[in-house]
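Source file: data15.txt; contents: compact mmCIF, C-alpha atoms and all ligand atoms.
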# COMPACT_ATOMS: atom_id res chain seq x y z
CA MET A 1 158.05 72.28 48.04
CA VAL A 2 154.49 73.27 48.74
CA ILE A 3 153.39 76.72 47.74
CA ASP A 4 150.30 77.57 49.72
CA ALA A 5 149.40 81.04 48.55
CA PRO A 6 146.62 80.47 46.03
CA GLY A 7 146.24 83.12 43.40
CA THR A 8 149.77 84.47 43.66
CA LEU A 9 151.28 82.11 41.11
CA THR A 10 150.34 81.61 37.50
CA PRO A 11 150.85 77.99 36.44
CA PRO A 12 153.47 77.69 33.69
CA ALA A 13 152.09 77.38 30.18
CA GLY A 14 151.18 73.83 29.33
CA GLY A 15 150.76 72.60 32.70
CA THR A 16 151.37 71.68 36.19
CA ALA A 17 151.04 74.21 39.00
CA ALA A 18 153.87 72.90 41.18
CA VAL A 19 157.36 73.65 39.88
CA GLN A 20 159.64 70.66 40.42
CA GLN A 21 162.97 71.72 41.85
CA PRO A 22 166.10 69.92 40.65
CA VAL A 23 167.19 66.78 42.47
CA VAL A 24 170.05 67.32 44.95
CA VAL A 25 170.21 63.87 46.57
CA GLU A 26 169.34 60.69 44.73
CA ALA A 27 169.92 57.41 46.55
CA ARG A 28 168.71 54.09 45.18
CA GLY A 29 168.76 50.72 46.86
CA ILE A 30 171.16 51.69 49.63
CA THR A 31 172.04 48.56 51.56
CA ARG A 32 174.53 48.26 54.38
CA ALA A 33 175.49 45.42 56.66
CA PHE A 34 177.98 45.23 59.51
CA ASP A 35 179.63 41.84 60.02
CA GLY A 36 176.91 40.15 58.01
CA ARG A 37 174.08 41.81 59.93
CA GLY A 38 171.85 43.95 57.69
CA VAL A 39 171.26 47.49 58.96
CA LEU A 40 169.89 49.25 55.85
CA HIS A 41 167.77 47.26 53.41
CA GLY A 42 167.42 49.05 50.09
CA ILE A 43 166.77 52.71 50.89
CA ASP A 44 165.46 54.95 48.09
CA LEU A 45 165.65 58.65 48.82
CA THR A 46 165.26 61.76 46.70
CA VAL A 47 165.79 65.25 48.08
CA ARG A 48 165.13 68.29 45.93
CA ARG A 49 166.67 71.73 46.02
CA GLY A 50 165.54 73.74 49.03
CA GLU A 51 163.75 70.81 50.62
CA PHE A 52 164.05 70.25 54.39
CA VAL A 53 163.73 66.54 55.12
CA ALA A 54 163.64 65.10 58.63
CA LEU A 55 164.65 61.47 59.05
CA LEU A 56 162.95 60.02 62.11
CA GLY A 57 163.50 56.67 63.73
CA ARG A 58 164.10 54.84 66.95
CA SER A 59 167.56 54.37 68.32
CA GLY A 60 169.31 51.67 66.30
CA SER A 61 167.04 52.00 63.25
CA GLY A 62 169.98 53.00 61.03
CA LYS A 63 169.61 56.80 60.85
CA SER A 64 173.24 57.63 61.54
CA THR A 65 174.40 54.91 59.19
CA LEU A 66 172.30 56.39 56.38
CA LEU A 67 173.48 59.93 57.12
CA ARG A 68 177.13 58.84 57.11
CA ILE A 69 176.58 57.21 53.74
CA LEU A 70 175.00 60.42 52.36
CA ALA A 71 177.97 62.37 53.76
CA LYS A 72 180.37 59.89 52.05
CA LEU A 73 181.91 59.17 55.45
CA ASP A 74 180.93 55.53 54.90
CA THR A 75 181.74 54.20 51.44
CA GLU A 76 181.07 50.52 52.11
CA ALA A 77 177.36 50.56 51.28
CA THR A 78 175.92 49.12 48.08
CA GLY A 79 173.44 50.89 45.85
CA THR A 80 173.73 54.09 43.86
CA ILE A 81 174.02 57.53 45.30
CA LYS A 82 174.26 61.05 43.92
CA VAL A 83 175.03 63.82 46.38
CA PRO A 84 176.71 67.23 46.04
CA ALA A 85 180.49 67.19 46.38
CA GLN A 86 180.93 68.96 49.70
CA PRO A 87 177.90 68.83 51.96
CA GLY A 88 177.94 70.68 55.27
CA VAL A 89 177.74 68.25 58.18
CA ALA A 90 176.91 68.62 61.86
CA PHE A 91 176.70 65.99 64.59
CA GLN A 92 175.37 65.72 68.13
CA ASP A 93 178.79 66.60 69.49
CA SER A 94 180.14 69.77 67.91
CA ARG A 95 183.47 68.15 66.95
CA LEU A 96 185.26 71.47 67.17
CA LEU A 97 189.04 71.28 67.23
CA PRO A 98 189.95 72.05 70.86
CA TRP A 99 193.32 73.53 69.91
CA ALA A 100 191.86 76.04 67.43
CA ARG A 101 189.93 79.19 68.25
CA VAL A 102 186.36 79.71 67.09
CA LEU A 103 187.04 81.52 63.80
CA PRO A 104 189.62 78.98 62.53
CA ASN A 105 187.19 76.23 63.46
CA VAL A 106 184.57 77.80 61.20
CA LEU A 107 187.17 78.30 58.47
CA LEU A 108 188.22 74.67 58.62
CA GLY A 109 189.12 73.40 55.20
CA LEU A 110 188.26 76.64 53.40
CA ARG A 111 191.05 78.36 51.54
CA ASP A 112 189.48 80.75 49.06
CA GLY A 113 189.83 84.50 49.41
CA ASP A 114 186.44 85.43 50.77
CA ALA A 115 186.15 82.43 53.12
CA ARG A 116 187.28 84.51 56.10
CA GLU A 117 184.69 87.17 55.37
CA ARG A 118 182.03 84.52 55.04
CA ALA A 119 183.08 82.82 58.28
CA ARG A 120 182.79 86.14 60.12
CA THR A 121 179.34 86.75 58.64
CA LEU A 122 178.26 83.29 59.73
CA LEU A 123 179.53 83.85 63.26
CA ASP A 124 177.43 87.02 63.32
CA ASP A 125 174.49 85.02 61.97
CA VAL A 126 174.73 82.53 64.83
CA GLY A 127 175.10 85.34 67.38
CA LEU A 128 178.76 84.71 68.17
CA GLY A 129 180.41 87.53 66.25
CA ASP A 130 182.19 88.65 69.41
CA ARG A 131 183.57 85.18 70.23
CA ALA A 132 185.77 84.67 67.15
CA ARG A 133 188.92 84.47 69.27
CA ALA A 134 187.47 82.30 72.06
CA TRP A 135 188.55 78.69 72.53
CA PRO A 136 185.85 76.03 72.13
CA ARG A 137 186.13 75.03 75.83
CA GLN A 138 185.17 78.59 76.81
CA LEU A 139 181.78 78.18 75.11
CA SER A 140 178.62 76.51 76.41
CA GLY A 141 177.32 73.39 74.69
CA GLY A 142 174.72 75.43 72.80
CA GLU A 143 177.34 77.95 71.68
CA GLN A 144 179.60 75.15 70.48
CA GLN A 145 176.74 73.78 68.39
CA ARG A 146 176.18 77.24 66.93
CA VAL A 147 179.83 77.30 65.88
CA ALA A 148 179.37 73.83 64.39
CA LEU A 149 176.39 75.12 62.39
CA ALA A 150 178.40 78.11 61.18
CA ARG A 151 181.20 75.73 60.15
CA ALA A 152 178.76 73.45 58.32
CA LEU A 153 177.48 76.39 56.29
CA ALA A 154 180.84 78.09 55.72
CA GLY A 155 181.45 76.38 52.40
CA ALA A 156 178.04 77.53 51.09
CA PRO A 157 176.97 73.88 50.76
CA GLU A 158 174.10 72.88 48.53
CA LEU A 159 173.27 70.20 51.09
CA LEU A 160 173.30 70.32 54.89
CA LEU A 161 173.39 66.96 56.72
CA MET A 162 172.75 66.90 60.46
CA ASP A 163 172.71 63.98 62.89
CA GLU A 164 170.80 64.84 66.09
CA PRO A 165 172.54 68.23 66.26
CA PHE A 166 170.51 69.38 69.27
CA GLY A 167 170.26 66.02 71.02
CA ALA A 168 172.65 66.92 73.83
CA LEU A 169 171.17 70.36 74.57
CA ASP A 170 168.66 71.33 77.25
CA ALA A 171 165.07 71.94 76.17
CA LEU A 172 165.24 75.74 76.25
CA THR A 173 168.48 75.92 74.31
CA ARG A 174 167.04 73.45 71.81
CA ILE A 175 164.08 75.75 71.13
CA ARG A 176 166.44 78.64 70.44
CA MET A 177 168.49 76.43 68.15
CA HIS A 178 165.36 75.46 66.20
CA ARG A 179 164.64 79.12 65.57
CA LEU A 180 168.26 79.76 64.59
CA LEU A 181 168.34 76.81 62.22
CA ARG A 182 165.17 78.00 60.52
CA GLU A 183 166.69 81.47 60.05
CA LEU A 184 169.93 80.06 58.66
CA VAL A 185 168.11 77.74 56.28
CA SER A 186 165.91 80.53 54.96
CA ARG A 187 168.98 82.78 54.54
CA TYR A 188 171.31 80.27 52.85
CA SER A 189 168.72 77.90 51.31
CA PRO A 190 170.59 74.58 51.47
CA SER A 191 168.66 71.37 51.07
CA VAL A 192 168.59 69.75 54.51
CA VAL A 193 168.53 66.21 55.83
CA LEU A 194 168.07 66.29 59.60
CA VAL A 195 168.32 63.04 61.54
CA THR A 196 166.38 63.10 64.78
CA HIS A 197 164.45 60.83 67.13
CA ASP A 198 162.37 63.81 68.27
CA VAL A 199 158.97 63.80 66.53
CA ASP A 200 158.18 67.38 67.56
CA GLU A 201 161.48 68.61 66.19
CA ALA A 202 160.87 66.84 62.89
CA VAL A 203 157.32 68.16 62.43
CA LEU A 204 158.33 71.63 63.57
CA LEU A 205 161.22 72.07 61.17
CA ALA A 206 160.76 69.91 58.11
CA ASP A 207 158.81 70.07 54.83
CA ARG A 208 158.80 66.30 54.72
CA VAL A 209 159.25 63.59 57.32
CA LEU A 210 160.63 60.14 56.60
CA VAL A 211 160.45 57.36 59.15
CA LEU A 212 163.13 54.69 59.22
CA THR A 213 162.06 51.42 60.81
CA ASP A 214 164.55 48.55 61.03
CA GLY A 215 166.55 49.80 58.08
CA ARG A 216 163.60 50.50 55.78
CA LEU A 217 161.74 53.73 55.05
CA SER A 218 158.30 52.99 56.47
CA LEU A 219 156.65 56.40 56.01
CA ASP A 220 157.17 59.44 53.79
CA GLU A 221 154.94 62.31 54.81
CA GLN A 222 154.71 65.77 53.26
CA ILE A 223 154.05 68.49 55.83
CA ASP A 224 151.39 70.95 54.74
CA LEU A 225 151.39 73.20 57.78
CA PRO A 226 152.23 76.91 57.97
CA VAL A 227 155.80 77.60 59.09
CA VAL A 228 154.76 80.36 61.47
CA GLY A 229 152.62 79.10 64.35
CA ARG A 230 153.05 75.52 63.24
CA ARG A 231 153.19 74.07 66.74
CA SER A 232 149.78 75.49 67.66
CA HIS A 233 148.15 74.39 64.39
CA PRO A 234 145.60 71.54 64.87
CA GLY A 235 147.28 69.65 62.02
CA PHE A 236 150.47 69.49 64.10
CA VAL A 237 148.92 67.15 66.66
CA ALA A 238 147.29 65.04 63.95
CA LEU A 239 150.53 64.62 62.03
CA ARG A 240 152.45 63.97 65.22
CA SER A 241 150.14 61.16 66.27
CA ARG A 242 150.33 59.62 62.79
CA LEU A 243 154.11 59.51 63.08
CA LEU A 244 154.22 58.04 66.58
P1 LIG B 1 170.58 55.14 64.82
O1 LIG B 1 171.42 56.29 64.40
O2 LIG B 1 169.25 55.12 64.17
O3 LIG B 1 170.46 55.02 66.31
P2 LIG B 1 172.77 53.56 63.77
O4 LIG B 1 172.80 53.87 62.32
O5 LIG B 1 173.79 54.24 64.62
O6 LIG B 1 171.31 53.79 64.34
O7 LIG B 1 172.96 52.01 63.98
C1 LIG B 1 172.11 51.06 63.37
C2 LIG B 1 172.65 49.68 63.69
O8 LIG B 1 173.90 49.49 63.06
C3 LIG B 1 172.87 49.44 65.17
O9 LIG B 1 172.47 48.14 65.48
C4 LIG B 1 174.35 49.61 65.33
O10 LIG B 1 174.84 48.84 66.38
C5 LIG B 1 174.88 49.13 64.00
N1 LIG B 1 176.15 49.78 63.63
C6 LIG B 1 176.29 51.09 63.29
N2 LIG B 1 177.57 51.37 63.01
C7 LIG B 1 178.26 50.22 63.19
C8 LIG B 1 179.64 49.84 63.03
N3 LIG B 1 180.56 50.72 62.63
N4 LIG B 1 179.96 48.55 63.28
C9 LIG B 1 179.03 47.65 63.65
N5 LIG B 1 177.74 47.93 63.80
C10 LIG B 1 177.33 49.20 63.58
MG MG B 2 172.29 57.82 65.53

Give the structure from this file in structure tokens form.
Amino acid sequence: MVIDAPGTLTPPAGGTAAVQQPVVVEARGITRAFDGRGVLHGIDLTVRRGEFVALLGRSGSGKSTLLRILAKLDTEATGTIKVPAQPGVAFQDSRLLPWARVLPNVLLGLRDGDARERARTLLDDVGLGDRARAWPRQLSGGEQQRVALARALAGAPELLLMDEPFGALDALTRIRMHRLLRELVSRYSPSVVLVTHDVDEAVLLADRVLVLTDGRLSLDEQIDLPVVGRRSHPGFVALRSRLL
């Protein structure tokens, strides 16, 4: 995390100005092959609390494979990995249950007493408080993704993993979803790993951008740009061209 308000923080006694947040994701030497063909070749990745990491890469570079491993949906990889027990996950398709209404979809898998209350709050947060009883098919693609985001956050996860969550949406809806995601992340403060092939999306949303090339991390770039007005900042174009 970069704190860019000089003079507002006193460095802790004895030292360093930047406070290191605890590690949330620690992956070392992640290697994965399918039918003898290597797809990931020794990935090392550390994500700290509150960090928003974008994982960029061309189609076929292994992004989804890595995300599935982090989500423990793929347990065949080798290497060591430490991730929180129940991360929130979201994919390009919302994967809502078609036979369940919106609220039960958000509640999926949650049993504790205040889960229902939390699910309702999240539906309000994503602007769908009045659609709790709708069926998924009655919602637009963008609305279905908003439900998917609410569901991913319903368990108050320490880690949010997303694989091209806005990839199937039109450009205008995508812009609204970027704003919504930023609001949700600042409200609930999960660490985030966002897989995307969209350079603008990565630079716009993340604190750090990683580039995956042929199964290896080829670039790891901290983003030191203001959150507000980032797209119009001259550094945006510079960083963008470095990533392309
Ligand atoms: P990306 O998400 O970056 O587009 P993927 O992780 O989906 O890339 O895929 C990386 C490579 O691994 C591709 O060549 C893909 O065909 C292969 N692959 C992914 N999943 C499987 C699978 N279950 N079986 C065989 N090959 C796979
Ligand atoms: Mg993919």

Give me, as JSON lines, each residue of chain A that comes within 9 Å of ligand MG 2 (chain B), together with its shortest interatomic pair and the distance in Å at one decimal, counting all atoms listed in the file, with rows ordered by chain and rising residue number.
{"residue": "A:Arg58", "atom": "CA", "partner": "B:MG2", "partner_atom": "MG", "distance": 8.8}
{"residue": "A:Ser59", "atom": "CA", "partner": "B:MG2", "partner_atom": "MG", "distance": 6.5}
{"residue": "A:Gly60", "atom": "CA", "partner": "B:MG2", "partner_atom": "MG", "distance": 6.9}
{"residue": "A:Ser61", "atom": "CA", "partner": "B:MG2", "partner_atom": "MG", "distance": 8.2}
{"residue": "A:Gly62", "atom": "CA", "partner": "B:MG2", "partner_atom": "MG", "distance": 7.0}
{"residue": "A:Lys63", "atom": "CA", "partner": "B:MG2", "partner_atom": "MG", "distance": 5.5}
{"residue": "A:Ser64", "atom": "CA", "partner": "B:MG2", "partner_atom": "MG", "distance": 4.1}
{"residue": "A:Thr65", "atom": "CA", "partner": "B:MG2", "partner_atom": "MG", "distance": 7.3}
{"residue": "A:Leu67", "atom": "CA", "partner": "B:MG2", "partner_atom": "MG", "distance": 8.8}
{"residue": "A:Gln92", "atom": "CA", "partner": "B:MG2", "partner_atom": "MG", "distance": 8.9}
{"residue": "A:Asp163", "atom": "CA", "partner": "B:MG2", "partner_atom": "MG", "distance": 6.7}
{"residue": "A:Glu164", "atom": "CA", "partner": "B:MG2", "partner_atom": "MG", "distance": 7.2}
{"residue": "A:Val195", "atom": "CA", "partner": "B:MG2", "partner_atom": "MG", "distance": 7.7}
{"residue": "A:Thr196", "atom": "CA", "partner": "B:MG2", "partner_atom": "MG", "distance": 8.0}
{"residue": "A:His197", "atom": "CA", "partner": "B:MG2", "partner_atom": "MG", "distance": 8.5}

**Report entry** Among the residues A:Ala168, A:Thr80, A:Leu107, A:Arg120, the one that comes closest to A:Asp93 [using only C-alpha atoms]
**Finding:**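 Smallest separation from A:Asp93 among the options: A:Ala168.
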
Requested in this report: Show which residues sit within 6 Å of stretch 97-103 of chain A, as a list in words. Count only C-alpha atoms, and ignore same-chain residues fewer than 2 positions away.
Outcome: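 Skipping anything fewer than 2 positions along the chain leaves Asn105, Val106, Ala132, Arg133, Ala134, Trp135 and Pro136 of chain A.
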
Query - Selection near A:Leu66, 9 Å with all atoms listed in the file, sequence-local residues under 4 positions removed, as a list in words - result: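 The neighbour list is Ile30, Arg32, Leu40, Ile43, Gly62, Leu70, Ala71, Asp74 and Gly215 of chain A.
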
Query - 8 Å contact set for A:Val23, all atoms listed in the file, chain neighbours under 2 positions out, as a list in words - result: Gln21, Val25, Glu26, Thr46, Val47, Arg48 and Arg49 of chain A

**Report entry** Nearest candidate to ligand LIG 1 (chain B) (options A:Arg137, A:Arg216, A:Arg95, A:Arg151; using all atoms listed in the file)
**Finding:** A:Arg216

Point (157.7, 51.9, 56.2), cut-off 12 Å, counting all atoms listed in the file, residues as a PDB file with C-alpha atoms, keeping the file's coordinate frame:
ATOM      1  CA  HIS A  41     167.770  47.260  53.410  1.00  0.00           C
ATOM      2  CA  GLY A  42     167.420  49.050  50.090  1.00  0.00           C
ATOM      3  CA  ILE A  43     166.770  52.710  50.890  1.00  0.00           C
ATOM      4  CA  ASP A  44     165.460  54.950  48.090  1.00  0.00           C
ATOM      5  CA  LEU A  56     162.950  60.020  62.110  1.00  0.00           C
ATOM      6  CA  GLY A  57     163.500  56.670  63.730  1.00  0.00           C
ATOM      7  CA  SER A  61     167.040  52.000  63.250  1.00  0.00           C
ATOM      8  CA  VAL A 209     159.250  63.590  57.320  1.00  0.00           C
ATOM      9  CA  LEU A 210     160.630  60.140  56.600  1.00  0.00           C
ATOM     10  CA  VAL A 211     160.450  57.360  59.150  1.00  0.00           C
ATOM     11  CA  LEU A 212     163.130  54.690  59.220  1.00  0.00           C
ATOM     12  CA  THR A 213     162.060  51.420  60.810  1.00  0.00           C
ATOM     13  CA  ASP A 214     164.550  48.550  61.030  1.00  0.00           C
ATOM     14  CA  GLY A 215     166.550  49.800  58.080  1.00  0.00           C
ATOM     15  CA  ARG A 216     163.600  50.500  55.780  1.00  0.00           C
ATOM     16  CA  LEU A 217     161.740  53.730  55.050  1.00  0.00           C
ATOM     17  CA  SER A 218     158.300  52.990  56.470  1.00  0.00           C
ATOM     18  CA  LEU A 219     156.650  56.400  56.010  1.00  0.00           C
ATOM     19  CA  ASP A 220     157.170  59.440  53.790  1.00  0.00           C
ATOM     20  CA  GLU A 221     154.940  62.310  54.810  1.00  0.00           C
ATOM     21  CA  LEU A 243     154.110  59.510  63.080  1.00  0.00           C
TER      22      LEU A 243
END

Query - Atomic separation - atom CA of A:Phe52 relative to atom CA of A:Leu169, Å - result: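 Spanning atom CA of A:Leu169 to atom CA of A:Phe52 is a straight-line distance of 21.4 Å.
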
Report task. Identify the residues within 9 Å of coordinate (150.9, 72.5, 59.5) (same frame as the file), considering all atoms listed in the file, and give the answer as a ChimeraX atom specification. Result -> /A:203-204,223-236,239
